[in-house]
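Okay, structure first, notes after.
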Amino acid sequence: MIKIYGRTTSFNVQKVMWLLEELSLEYRHIELGGRFGGLDTDEFARLNPMRKIPVLVDGQKSVWESHTILRFLVAECGDTNWYPASSYLRSQYERWMDWAHTLFQPAFMATFWGYYRKPEKKRDMAMVRYNLEKCQKCLAIIDQQLSGLKYLAGEKISLADITAGAILYRLTEQGLEISLPNHVERWYRDLKSRQGYRKWIMSDFTELKGREDF
Ligand SMILES: N[C@@H](CCC(=O)N[C@@H](CS)C(=O)NCC(=O)O)C(=O)O
């Protein structure tokens with residue numbers, strides 16, 4: 001059985017957990033990192049030399065980097081809705097995954113680490129607002145894409161929606177003012193109706209408030 005290592009308050013772990021739920025795969029979950037520790041052992045370094053979570057272990061194979069794990073899972077599962085045979089069709093969701101990882105997620109993380117995870121007196125609110133504005137621009141790009149489509153890469157949910165959609169919950173719930181454009185609002189409502197999103201993404205993250213140590 002697949003094993004997935006990583007604390008469930010980790011945003012990168014949550015994306016993997018959500019996909020596991022969507023694919024109805026059986027897995028064993030092991031809490032690791034954060035208050036659970038365990039990243040500094042030799043045993044864990046053999047699974048991931050970067051000593052980061054999430055890590056997926058499938059028999060003798062270990063897979064790290066959240067988006068690589070997502071790609072691995074859909075390629076392995078044999079469901080052509082999630083992993084079409086055409087490399088061009090795959091590129092249509094892959095580009096949004098890369099965009100989310102390199103643009104939207106870093107902008108969101110800068111607000112989350114700059115605001116939610118910082119003790120109030122250490123916050124640089126000008127920097128938080130600057131990054132919030134970047135998030136707002138990312139939402140406008142997503143909105144434009146969703147004006148003609150149900151999901152980011154087509155009429156069916158894909159890894160594009162997992163990687164970009166996972167950001168919306170904390171972005172809107174961390175206590176900062178952010179407005180969702182109409183198509184994004186509709187898409188977010190749809191994501192929130194999915195069991196995997198509710199279970200893993202919409203989960204309590206208050207243990208991270210004002211906490212910078214992991
Ligand atoms: N780019 C990596 C980032 C991995 C990462 O930074 N993971 C964080 C949690 S989100 C971590 O391991 N932090 C240490 C800890 O939780 O103790 C990925 O997407 O998997």
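Labels for the structure tokens follow display order: chains A, B, ..., residues from 1 in each chain, ligands from 1.
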
**Request:** Would you list the residues that come within 8 Å of ligand 1? Count only C-alpha atoms and all ligand atoms and give the answer as a ChimeraX atom specification.
**Result:** /A:6-7,10-13,32-37,39,51-55,64-67,101,214

**Request:** List the neighbours of Gly154 in chain A out to 12 Å using only C-alpha atoms; skip same-chain residues closer than 3 positions along the sequence, and give me the result as a VMD selection string.
**Result:** chain A and resid 81 to 82 89 to 93 96 145 to 151 157 to 161

Keeping only N, CA and C atoms, write those residues as a PDB file, in the first residue's frame.
```
ATOM      1  N   ASN A  81      -9.152  10.262 -17.472  1.00  0.00           N
ATOM      2  CA  ASN A  81      -9.672  11.594 -17.149  1.00  0.00           C
ATOM      3  C   ASN A  81      -8.590  12.428 -16.465  1.00  0.00           C
ATOM      4  N   TRP A  82      -7.783  11.766 -15.643  1.00  0.00           N
ATOM      5  CA  TRP A  82      -6.738  12.472 -14.900  1.00  0.00           C
ATOM      6  C   TRP A  82      -5.404  12.469 -15.647  1.00  0.00           C
ATOM      7  N   LEU A  89      -2.562  17.210 -24.412  1.00  0.00           N
ATOM      8  CA  LEU A  89      -3.654  17.380 -23.432  1.00  0.00           C
ATOM      9  C   LEU A  89      -3.089  17.482 -22.014  1.00  0.00           C
ATOM     10  N   ARG A  90      -2.056  16.682 -21.737  1.00  0.00           N
ATOM     11  CA  ARG A  90      -1.454  16.758 -20.390  1.00  0.00           C
ATOM     12  C   ARG A  90      -0.807  18.127 -20.165  1.00  0.00           C
ATOM     13  N   SER A  91      -0.232  18.662 -21.224  1.00  0.00           N
ATOM     14  CA  SER A  91       0.436  19.972 -21.065  1.00  0.00           C
ATOM     15  C   SER A  91      -0.568  21.063 -20.679  1.00  0.00           C
ATOM     16  N   GLN A  92      -1.838  20.842 -21.024  1.00  0.00           N
ATOM     17  CA  GLN A  92      -2.843  21.880 -20.721  1.00  0.00           C
ATOM     18  C   GLN A  92      -3.115  22.005 -19.220  1.00  0.00           C
ATOM     19  N   TYR A  93      -2.940  20.910 -18.470  1.00  0.00           N
ATOM     20  CA  TYR A  93      -3.043  21.105 -17.020  1.00  0.00           C
ATOM     21  C   TYR A  93      -1.668  21.298 -16.373  1.00  0.00           C
ATOM     22  N   TRP A  96      -0.571  24.903 -15.861  1.00  0.00           N
ATOM     23  CA  TRP A  96      -1.182  25.588 -14.709  1.00  0.00           C
ATOM     24  C   TRP A  96      -0.554  25.138 -13.392  1.00  0.00           C
ATOM     25  N   GLN A 145      -9.462  32.717 -17.469  1.00  0.00           N
ATOM     26  CA  GLN A 145      -9.440  31.340 -17.981  1.00  0.00           C
ATOM     27  C   GLN A 145     -10.792  30.653 -17.726  1.00  0.00           C
ATOM     28  N   LEU A 146     -11.354  30.910 -16.549  1.00  0.00           N
ATOM     29  CA  LEU A 146     -12.604  30.232 -16.168  1.00  0.00           C
ATOM     30  C   LEU A 146     -13.838  30.847 -16.842  1.00  0.00           C
ATOM     31  N   SER A 147     -13.651  31.971 -17.521  1.00  0.00           N
ATOM     32  CA  SER A 147     -14.810  32.599 -18.166  1.00  0.00           C
ATOM     33  C   SER A 147     -15.341  31.722 -19.293  1.00  0.00           C
ATOM     34  N   GLY A 148     -14.476  30.861 -19.844  1.00  0.00           N
ATOM     35  CA  GLY A 148     -14.945  29.994 -20.934  1.00  0.00           C
ATOM     36  C   GLY A 148     -14.903  28.521 -20.583  1.00  0.00           C
ATOM     37  N   LEU A 149     -14.534  28.199 -19.364  1.00  0.00           N
ATOM     38  CA  LEU A 149     -14.364  26.792 -18.992  1.00  0.00           C
ATOM     39  C   LEU A 149     -14.913  26.524 -17.596  1.00  0.00           C
ATOM     40  N   LYS A 150     -15.317  25.264 -17.371  1.00  0.00           N
ATOM     41  CA  LYS A 150     -15.796  24.901 -16.027  1.00  0.00           C
ATOM     42  C   LYS A 150     -14.617  24.794 -15.057  1.00  0.00           C
ATOM     43  N   TYR A 151     -13.565  24.165 -15.536  1.00  0.00           N
ATOM     44  CA  TYR A 151     -12.358  24.008 -14.702  1.00  0.00           C
ATOM     45  C   TYR A 151     -11.176  24.655 -15.430  1.00  0.00           C
ATOM     46  N   ILE A 157     -12.311  18.271 -13.915  1.00  0.00           N
ATOM     47  CA  ILE A 157     -11.284  18.639 -12.939  1.00  0.00           C
ATOM     48  C   ILE A 157      -9.960  17.982 -13.316  1.00  0.00           C
ATOM     49  N   SER A 158      -8.857  18.689 -13.027  1.00  0.00           N
ATOM     50  CA  SER A 158      -7.522  18.156 -13.338  1.00  0.00           C
ATOM     51  C   SER A 158      -6.541  18.627 -12.260  1.00  0.00           C
ATOM     52  N   LEU A 159      -5.288  18.245 -12.428  1.00  0.00           N
ATOM     53  CA  LEU A 159      -4.259  18.679 -11.469  1.00  0.00           C
ATOM     54  C   LEU A 159      -4.101  20.200 -11.454  1.00  0.00           C
ATOM     55  N   ALA A 160      -4.539  20.861 -12.517  1.00  0.00           N
ATOM     56  CA  ALA A 160      -4.506  22.333 -12.525  1.00  0.00           C
ATOM     57  C   ALA A 160      -5.375  22.872 -11.388  1.00  0.00           C
ATOM     58  N   ASP A 161      -6.571  22.269 -11.234  1.00  0.00           N
ATOM     59  CA  ASP A 161      -7.501  22.734 -10.194  1.00  0.00           C
ATOM     60  C   ASP A 161      -7.006  22.366  -8.795  1.00  0.00           C
TER      61      ASP A 161
END
```

**Asked** Which of range 10-201 of chain A counts as strand (DSSP E) under DSSP, as a VMD selection string please?
**Response** chain A and resid 27 to 30 55 to 58 61 to 64

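One finds CA of Arg95 in chain A at 28.7 Å from CA of Tyr115 in chain A.
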
**Prompt:** Mind checking DSSP for range 18-207 of chain A and telling me the alpha helix (DSSP H) residues as number ranges by chain?
**Reply:** A: 18-22, 42-47, 66-77, 87-99, 105-111, 125-146, 159-173, 182-192, 195-196

Contact residues around Lys15 in chain A with only C-alpha atoms at 10 Å, ignoring same-chain residues under 4 positions, as an mmCIF file with N, CA and C atoms, in the first residue's frame:
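Below you can see result.cif, which holds the result:
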```cif
data_model
loop_
_atom_site.group_PDB
_atom_site.id
_atom_site.type_symbol
_atom_site.label_atom_id
_atom_site.label_comp_id
_atom_site.auth_asym_id
_atom_site.auth_seq_id
_atom_site.Cartn_x
_atom_site.Cartn_y
_atom_site.Cartn_z
ATOM 1 N N THR A 8 -0.599 16.968 8.207
ATOM 2 C CA THR A 8 -1.717 17.394 7.359
ATOM 3 C C THR A 8 -1.987 18.890 7.446
ATOM 4 N N SER A 10 0.322 20.835 6.553
ATOM 5 C CA SER A 10 1.183 21.334 5.471
ATOM 6 C C SER A 10 0.358 21.465 4.202
ATOM 7 N N PHE A 11 0.417 22.661 3.628
ATOM 8 C CA PHE A 11 -0.325 22.943 2.406
ATOM 9 C C PHE A 11 0.093 21.989 1.274
ATOM 10 N N LEU A 19 -5.830 14.742 -3.727
ATOM 11 C CA LEU A 19 -5.820 13.902 -4.939
ATOM 12 C C LEU A 19 -6.046 12.427 -4.597
ATOM 13 N N LEU A 20 -5.441 11.946 -3.532
ATOM 14 C CA LEU A 20 -5.642 10.543 -3.129
ATOM 15 C C LEU A 20 -7.131 10.264 -2.935
ATOM 16 N N PRO A 54 5.709 16.839 1.439
ATOM 17 C CA PRO A 54 5.322 15.429 1.493
ATOM 18 C C PRO A 54 6.325 14.506 0.801
ATOM 19 N N SER A 66 5.813 17.935 -4.059
ATOM 20 C CA SER A 66 4.365 17.694 -4.107
ATOM 21 C C SER A 66 3.824 17.552 -5.535
ATOM 22 N N HIS A 67 4.267 18.432 -6.457
ATOM 23 C CA HIS A 67 3.683 18.348 -7.798
ATOM 24 C C HIS A 67 4.177 17.117 -8.547
ATOM 25 N N ILE A 69 4.734 14.293 -7.026
ATOM 26 C CA ILE A 69 3.900 13.225 -6.458
ATOM 27 C C ILE A 69 2.539 13.200 -7.154
ATOM 28 N N LEU A 70 1.958 14.381 -7.376
ATOM 29 C CA LEU A 70 0.653 14.442 -8.055
ATOM 30 C C LEU A 70 0.765 13.845 -9.458
ATOM 31 N N LEU A 159 -5.288 18.245 -12.428
ATOM 32 C CA LEU A 159 -4.259 18.679 -11.469
ATOM 33 C C LEU A 159 -4.101 20.200 -11.454
ATOM 34 N N ILE A 162 -6.363 21.198 -8.686
ATOM 35 C CA ILE A 162 -5.846 20.797 -7.366
ATOM 36 C C ILE A 162 -4.788 21.804 -6.910
ATOM 37 N N THR A 163 -3.844 22.112 -7.794
ATOM 38 C CA THR A 163 -2.698 22.919 -7.369
ATOM 39 C C THR A 163 -3.045 24.401 -7.193
ATOM 40 N N ALA A 164 -3.914 24.930 -8.052
ATOM 41 C CA ALA A 164 -4.290 26.346 -7.895
ATOM 42 C C ALA A 164 -5.454 26.476 -6.908
ATOM 43 N N GLY A 165 -6.399 25.532 -6.966
ATOM 44 C CA GLY A 165 -7.599 25.615 -6.129
ATOM 45 C C GLY A 165 -7.309 25.437 -4.653
ATOM 46 N N ALA A 166 -6.297 24.652 -4.332
ATOM 47 C CA ALA A 166 -5.960 24.412 -2.926
ATOM 48 C C ALA A 166 -5.590 25.715 -2.213
ATOM 49 N N ILE A 167 -5.098 26.691 -2.981
ATOM 50 C CA ILE A 167 -4.640 27.953 -2.385
ATOM 51 C C ILE A 167 -5.814 28.788 -1.835
ATOM 52 N N GLY A 196 -12.939 15.538 -1.010
ATOM 53 C CA GLY A 196 -11.498 15.635 -0.742
ATOM 54 C C GLY A 196 -11.079 17.047 -0.365
ATOM 55 N N TYR A 197 -11.726 18.032 -0.991
ATOM 56 C CA TYR A 197 -11.396 19.426 -0.687
ATOM 57 C C TYR A 197 -11.828 19.750 0.737
ATOM 58 N N TRP A 200 -9.515 17.687 3.376
ATOM 59 C CA TRP A 200 -8.085 17.966 3.538
ATOM 60 C C TRP A 200 -7.724 19.434 3.425
ATOM 61 N N ILE A 201 -8.372 20.148 2.502
ATOM 62 C CA ILE A 201 -7.974 21.551 2.290
ATOM 63 C C ILE A 201 -8.658 22.464 3.318
#
```

**Message:** What does the structure give for the distance between CA of Thr111 in chain A and CA of Asp143 in chain A, in Å to one decimal?
**Reply:**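 A separation of 20.4 Å between them.
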
**Distance criterion (only C-alpha atoms): nearest to Phe108 in chain A out of A:Asp79, A:Glu133, A:Asp213, A:Glu207** =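 Smallest separation from Phe108 in chain A among the options: A:Glu133.
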
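Minimum atom-to-atom distances from A:Tyr116, A:Gln195, A:Pro181, A:Phe205 to Met17 in chain A were compared using only C-alpha atoms, and the lowest value belongs to A:Gln195.
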
**Request:** Counting only C-alpha atoms, figure out which residue out of A:Leu103, A:Ala153, A:Ile142, A:Met50 gets nearest to Glu185 in chain A.
**Result:**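 Nearest to Glu185 in chain A: A:Ile142.
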